[in-house]
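Peer 1: Here you go, one structure.
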Amino acid sequence: MKAKHQRLILALAALVAITGAGLLAVSALRDEAAYFYAPGDVKTKGVEPGKAIRLGGMVVKGSLKRAPDGVTIRFDVTDGKATVPATFSGIAPDLFKEGSGVVAEGAFDGKGVFVATNLLAKHDERYMPRELEGMNYNETTHEMKTER
Amino acid sequence: MIAEAGLAALWLAAALALLQLVLAFAGLKGGKPELLGAVRPAAVAQGALTAVAFALLITLFLRSDMSVLLVATNSHSMKPWLYKFAGTWGNHEGSMLLWVTVMGVAGAAVALFERALRRDTHMATLGAQAAISLGFYAFLLFSSNPFARIDPPPPDGQGLNPLLQDPGLAFHPPTLYLGYVGLSVAFSFAVGALLTRTVEAAFARAMRPWVLAAWVLLTLGITAGSYWAYYELGWGGWWFWDPVENASLMPWLAATALLHSVTVLATRDGLRAWTIMLAVVAFSMSMVGTFLVRSGILTSVHAFAVDPERGSFILALLAIYIGGALALFGWRIGSVREGAPFELVSRETLLVVNNLLLSVILGVVLIGTLYPLMTEAFGHKVSVGAPYFDRIAGPIALALMIALAAGPLTRWRRDRAGAVAKRLLVPAAIGITASALLAVLAWGRIGVLPFLGLVIAVAVGAASVAPLWKRKLWRTPLFTWGMVIAHLGCAVSVAGMASDSAFTTEKLVAARPGDRIHTAGWTLHFVNIRPIAGDNWTALQADMQVDRGGAPVLMRPQSRFFASPPTTTSEAALLTCWNGQLYVVLGEEVEGGRWQLRIWWKPFVTLIWLGGVMIALGGALALLGRERRGWLLKWRARKAVA
């Protein structure tokens, strides 16, 4: 094989690989672009059951209930535009509480309840899930405001 | 006094870096070759001064000198000494000083120990290293001074983030940084070779040990970080695709590709331009990672400070160094002569495949990490998580494993496809047997990716030891052993990952003291729960007697409360067996005097990190083997002269 040909083949292979990666990433990102939802987005766009998403918002005051098994909790998540019921089985993070922000990873079941497999809450004063930055919850009116 | 001395040492080191750059430039381009004699001493002195500055900062932390702002905001006099010591780099300024120190010491090492490189390339490399260091000195001195004083000093410090109060802090960040910043040497080598037009096999042979050393440390650092996150965060996962983890993975992917392409350049004098490009990309990824972590645009345990000014500073450094290196690349690469050609069926081709696949994974991870930041700039919040990375990087990584199996069994320059297939026959047969066995035993219970992962791990494991077949083991060179062990490590690690996602059993209960919990063949006897106290924390601790038929073992998961800063952390209890790990997390108290317990049985999960350590060990053996061969040759030459 001539050196020139070889260089051409190498360049082509690299090009194909890079284009392939780009296409792959873009197609996946198009799905993932819909990875994060606020309850309002769930209402307007709709999410099919079973699709893995992140649901972010505030835990509605007075909505947190513990099931008799001691490890399952039910709560409502709101962004001020809509409210979504959610359940979680597991050990909730320490800073997970009513009236504070949460990002839940999981999927909707067939009945419109969000089944969370993981909860990301504020870790400490300095840590906040990126998706929740700028969200504020009004303690008295139970309203959510998003600053932009 | 100590703080002032540290600051003075830093300024002096920065001045020496400037001197080093000027000397190298004047010596090589200004027609004053006599100046070159001073470049190496300058580099050594600069490295020594950064080490002194770093040692002084450690001293300040150990003495809890609260008149120093950094100590006051990140330490506490009640902390155990290990965390005072390791807390030195558990904050923004300290970690940047560690960065600069590693860079200075690495430069000094290149000045002291590099003998194989042509002299002008060596000098140009040291000049380049000084040029990069200068930017980071400026960053440290102008926007992140670790030695700043506070007046009046507070009575005590604010303490360290409790999540970081773990022995892991003493090991993970320094090792990671040694690898991460050690890649700056490869970057400087590439710049030096471009400047002096010496991109050839001899240059690659000189660069290889440095790349290997940085890569070994980076591998160890990432492995340690993964294990730390696994046991400290109490989520039972070992990789979260957190942007900060990606920031360490991206340089590793580039360095792994570089390691293989530099071997092609050193052995076969091929892939010249590509190797130089990878050397530039690898350290660029380190800098991108630092930008992501240190600029405050990401929030995580790793991001200590949110300060837009620092972000813009690092962004400017990024633009200057990456842009400069790429411009130099574009300008000089035309003058790099073409390397030796090779046939389609050859080890070179498979190494090219390795490089392409690694670059593709790198691209995918980079896009996934930066995409949310870019869309956010346009006022649109998006989050990219594990499903994206798993779905894309997983299959590509498995394809890479297949190339890994074939590569070492293929000859350099030219081979026959039939012969390669024949050599792969036994591993393939083992893989097919494994898949049949797995299909019978676990059909329908495990996903496609874990299934493929297990099968490929077994086949690749067999293929990776095949190069030793019919060889006299004690006469096999160390670097061959290194390759075999590192490749086997990849198979071991993949097996651990696949096993963890395929076979983990999870049990979640609320139990009273006295209860017995059964899961995955284990019996956990929840004996009692009691308060205990440590140096700077109090905790609730559950005593659990666990057994699976044999003598019971005590496990003690805790829920810890730290007063400064006020935080609760969960300390998981782990029991390591030969065939897996039992992982117990204590949750909160619920009605009826019950306590939440989360229990995982994770078969063979430890293989993930064992594999990581094997990969690093393989790299270390290869490094030792190459160096030892150099020493032997030199010794023989000397004996021949005598």
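Going through the structure tokens in order, the chains are called A, B, and so on, while each chain numbers its residues from 1 and the ligands are numbered from 1 in the order shown.
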Could the residues of chain B within 8 Å of chain A, counting only C-alpha atoms, be given as a compact mmCIF listing (two decimals) with N, CA and C atoms, in the first residue's frame, please?

Peer 2:
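And here is the file that came out, result.txt:
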# COMPACT_ATOMS: atom_id res chain seq x y z
N LEU B 298 -19.85 24.48 37.96
CA LEU B 298 -20.44 23.21 38.36
C LEU B 298 -20.58 23.22 39.87
N THR B 299 -21.56 22.49 40.37
CA THR B 299 -21.65 22.37 41.82
C THR B 299 -21.47 20.92 42.19
N SER B 300 -20.55 20.67 43.06
CA SER B 300 -20.37 19.31 43.55
C SER B 300 -19.43 19.37 44.74
N VAL B 301 -19.15 18.23 45.34
CA VAL B 301 -18.22 18.21 46.46
C VAL B 301 -16.87 18.76 46.05
N PRO B 341 5.06 3.51 6.82
CA PRO B 341 3.72 2.96 6.51
C PRO B 341 3.56 1.57 7.09
N PHE B 342 2.31 1.09 7.15
CA PHE B 342 2.07 -0.27 7.62
C PHE B 342 0.89 -0.88 6.87
N GLU B 343 0.79 -2.19 6.93
CA GLU B 343 -0.27 -2.91 6.22
C GLU B 343 -1.58 -2.82 6.99
N LEU B 356 -8.84 5.45 17.88
CA LEU B 356 -10.09 6.05 17.39
C LEU B 356 -11.22 5.82 18.39
N LEU B 357 -11.33 4.59 18.90
CA LEU B 357 -12.44 4.30 19.83
C LEU B 357 -12.29 5.12 21.11
N VAL B 360 -13.32 8.53 20.37
CA VAL B 360 -14.78 8.63 20.25
C VAL B 360 -15.42 8.71 21.64
N ILE B 361 -14.96 7.83 22.57
CA ILE B 361 -15.51 7.88 23.92
C ILE B 361 -15.22 9.25 24.54
N GLY B 363 -14.81 12.05 22.99
CA GLY B 363 -15.70 13.03 22.39
C GLY B 363 -17.10 12.96 22.99
N VAL B 364 -17.59 11.74 23.16
CA VAL B 364 -18.94 11.54 23.68
C VAL B 364 -19.04 12.09 25.12
N ILE B 367 -18.80 15.97 25.01
CA ILE B 367 -20.06 16.59 24.56
C ILE B 367 -21.10 16.51 25.68
N GLY B 368 -21.20 15.31 26.28
CA GLY B 368 -22.20 15.14 27.35
C GLY B 368 -21.94 16.03 28.55
N GLY B 379 -30.02 30.01 28.03
CA GLY B 379 -31.21 30.12 28.86
C GLY B 379 -32.12 28.91 28.83
N LYS B 381 -32.38 25.01 30.45
CA LYS B 381 -31.75 24.06 31.35
C LYS B 381 -31.93 22.63 30.89
N VAL B 382 -30.82 21.95 30.76
CA VAL B 382 -30.84 20.56 30.32
C VAL B 382 -29.95 19.80 31.25
N SER B 383 -30.28 18.55 31.54
CA SER B 383 -29.32 17.80 32.31
C SER B 383 -29.04 16.49 31.62
N VAL B 384 -27.76 16.16 31.54
CA VAL B 384 -27.34 14.94 30.88
C VAL B 384 -26.87 13.99 31.96
N GLY B 385 -27.42 12.81 32.02
CA GLY B 385 -27.09 11.92 33.12
C GLY B 385 -26.62 10.56 32.67
N PRO B 387 -28.00 7.74 31.93
CA PRO B 387 -28.55 7.00 30.78
C PRO B 387 -27.82 7.34 29.48
N TYR B 388 -27.50 8.62 29.28
CA TYR B 388 -26.78 9.02 28.06
C TYR B 388 -25.42 8.35 28.00
N ILE B 392 -24.16 5.17 25.41
CA ILE B 392 -23.22 5.41 24.32
C ILE B 392 -21.84 4.86 24.65
N LEU B 508 -34.29 -3.30 51.40
CA LEU B 508 -34.58 -2.07 52.11
C LEU B 508 -35.60 -2.41 53.19
N VAL B 509 -35.25 -2.20 54.46
CA VAL B 509 -36.19 -2.54 55.51
C VAL B 509 -36.19 -1.48 56.60
N ALA B 510 -37.25 -1.50 57.40
CA ALA B 510 -37.25 -0.74 58.65
C ALA B 510 -37.28 -1.81 59.74
N THR B 567 -23.38 19.17 59.63
CA THR B 567 -23.72 18.27 58.54
C THR B 567 -23.89 16.85 59.08
N THR B 568 -24.78 16.11 58.47
CA THR B 568 -24.90 14.69 58.81
C THR B 568 -24.36 13.88 57.65
N GLY B 587 -30.19 4.33 58.02
CA GLY B 587 -30.98 5.51 57.70
C GLY B 587 -31.52 6.17 58.95
N GLU B 588 -32.73 6.71 58.87
CA GLU B 588 -33.26 7.42 60.03
C GLU B 588 -34.26 6.55 60.80
N VAL B 590 -37.84 5.62 62.19
CA VAL B 590 -39.22 5.83 61.80
C VAL B 590 -40.12 5.33 62.91
N GLU B 591 -41.43 5.58 62.77
CA GLU B 591 -42.34 5.27 63.88
C GLU B 591 -42.26 3.80 64.28
N ARG B 594 -38.42 1.80 64.82
CA ARG B 594 -37.72 1.08 63.76
C ARG B 594 -36.68 1.96 63.09
N GLN B 596 -34.33 2.56 59.51
CA GLN B 596 -34.20 2.20 58.10
C GLN B 596 -32.83 1.59 57.87
N LEU B 597 -32.81 0.50 57.15
CA LEU B 597 -31.54 -0.13 56.77
C LEU B 597 -31.58 -0.43 55.29
N ARG B 598 -30.49 -0.10 54.63
CA ARG B 598 -30.40 -0.43 53.21
C ARG B 598 -29.22 -1.37 53.05

Peer 1: Provide the atom CA of B:Arg636 to atom CA of B:Thr121 distance in Å, to one decimal place.

Peer 2: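 Calculated distance between atom CA of B:Arg636 and atom CA of B:Thr121 is 27.0 Å.
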
Peer 1: Can you tell me which residues surround A:Ala116 at a distance of at most 8 Å, considering only C-alpha atoms, apart from same-chain residues fewer than 4 positions away, and format the answer as a list in words?

Peer 2: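 Near neighbours after the sequence-gap exclusion: Ala86, Thr87, Phe88, Ser89, Ala104, Glu105, Gly106 and Ala107 of chain A.
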
Peer 1: Mind listing the helix (DSSP H, G or I) residues of stretch 427-508 of chain B, per DSSP on the backbone, as a VMD selection string?

Peer 2: chain B and resid 427 to 442 448 to 468 473 to 475 478 to 503

Peer 1: Hey, what's within 8 Å of stretch 429-439 of chain B if we count only C-alpha atoms and toss same-chain stuff fewer than 3 positions away? As a VMD selection string, please?

Peer 2: chain B and resid 425 to 426 442 to 443 451 455 to 456 458 to 459 462

Peer 1: Taking only C-alpha atoms into account, which of B:Ser248, B:Ser499, B:Ser67, B:Ser75 comes nearest B:Leu160?

Peer 2: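 Result for the nearest residue to B:Leu160: B:Ser75.
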
Peer 1: Step one, run DSSP on the backbone; step two, keep only residues of stretch 12-103 of chain A assigned to strand (DSSP E); then write them as a list in words.

Peer 2: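 In stretch 12-103 of chain A, DSSP puts these residues in strand (DSSP E): Phe36, Tyr37, Ile53, Arg54, Leu55, Gly56, Gly57, Met58, Val59, Lys65, Arg66, Thr72, Ile73, Arg74, Phe75, Asp76, Val77, Thr78, Thr83, Val84, Pro85, Ala86, Thr87, Phe88, Ser89, Gly101, Val102 and Val103 of chain A.
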
Peer 1: Restricting it to C-alpha atoms, dump the selection as a PDB file, in the first residue's frame.

Peer 2:
ATOM      1  CA  PHE A  36     -34.826  16.994  33.109  1.00  0.00           C
ATOM      2  CA  TYR A  37     -38.453  17.890  33.753  1.00  0.00           C
ATOM      3  CA  ILE A  53     -36.028  11.189  33.650  1.00  0.00           C
ATOM      4  CA  ARG A  54     -35.020  13.648  36.312  1.00  0.00           C
ATOM      5  CA  LEU A  55     -37.871  15.444  37.988  1.00  0.00           C
ATOM      6  CA  GLY A  56     -36.987  18.619  39.815  1.00  0.00           C
ATOM      7  CA  GLY A  57     -38.934  20.987  41.994  1.00  0.00           C
ATOM      8  CA  MET A  58     -39.932  21.668  45.550  1.00  0.00           C
ATOM      9  CA  VAL A  59     -41.470  19.216  47.983  1.00  0.00           C
ATOM     10  CA  LYS A  65     -46.198  10.764  54.125  1.00  0.00           C
ATOM     11  CA  ARG A  66     -44.436   7.607  55.179  1.00  0.00           C
ATOM     12  CA  THR A  72     -41.354   4.165  51.374  1.00  0.00           C
ATOM     13  CA  ILE A  73     -42.314   7.822  51.291  1.00  0.00           C
ATOM     14  CA  ARG A  74     -44.868   9.671  49.217  1.00  0.00           C
ATOM     15  CA  PHE A  75     -44.660  13.352  48.456  1.00  0.00           C
ATOM     16  CA  ASP A  76     -45.753  15.925  45.903  1.00  0.00           C
ATOM     17  CA  VAL A  77     -43.321  17.867  43.759  1.00  0.00           C
ATOM     18  CA  THR A  78     -44.260  21.292  42.457  1.00  0.00           C
ATOM     19  CA  THR A  83     -47.856  19.289  40.998  1.00  0.00           C
ATOM     20  CA  VAL A  84     -46.792  15.698  40.519  1.00  0.00           C
ATOM     21  CA  PRO A  85     -47.160  12.883  43.079  1.00  0.00           C
ATOM     22  CA  ALA A  86     -44.013  10.859  43.698  1.00  0.00           C
ATOM     23  CA  THR A  87     -42.874   7.878  45.737  1.00  0.00           C
ATOM     24  CA  PHE A  88     -39.448   6.838  46.855  1.00  0.00           C
ATOM     25  CA  SER A  89     -38.245   3.692  48.592  1.00  0.00           C
ATOM     26  CA  GLY A 101     -35.734  21.515  46.626  1.00  0.00           C
ATOM     27  CA  VAL A 102     -35.293  18.048  45.261  1.00  0.00           C
ATOM     28  CA  VAL A 103     -34.194  16.397  42.057  1.00  0.00           C
TER      29      VAL A 103
END

Peer 1: Counting only C-alpha atoms, what is within 7 Å of B:Leu70, bar same-chain residues fewer than 3 positions away, as a list in words?

Peer 2: Thr73, Asn74 and Pro146 of chain B
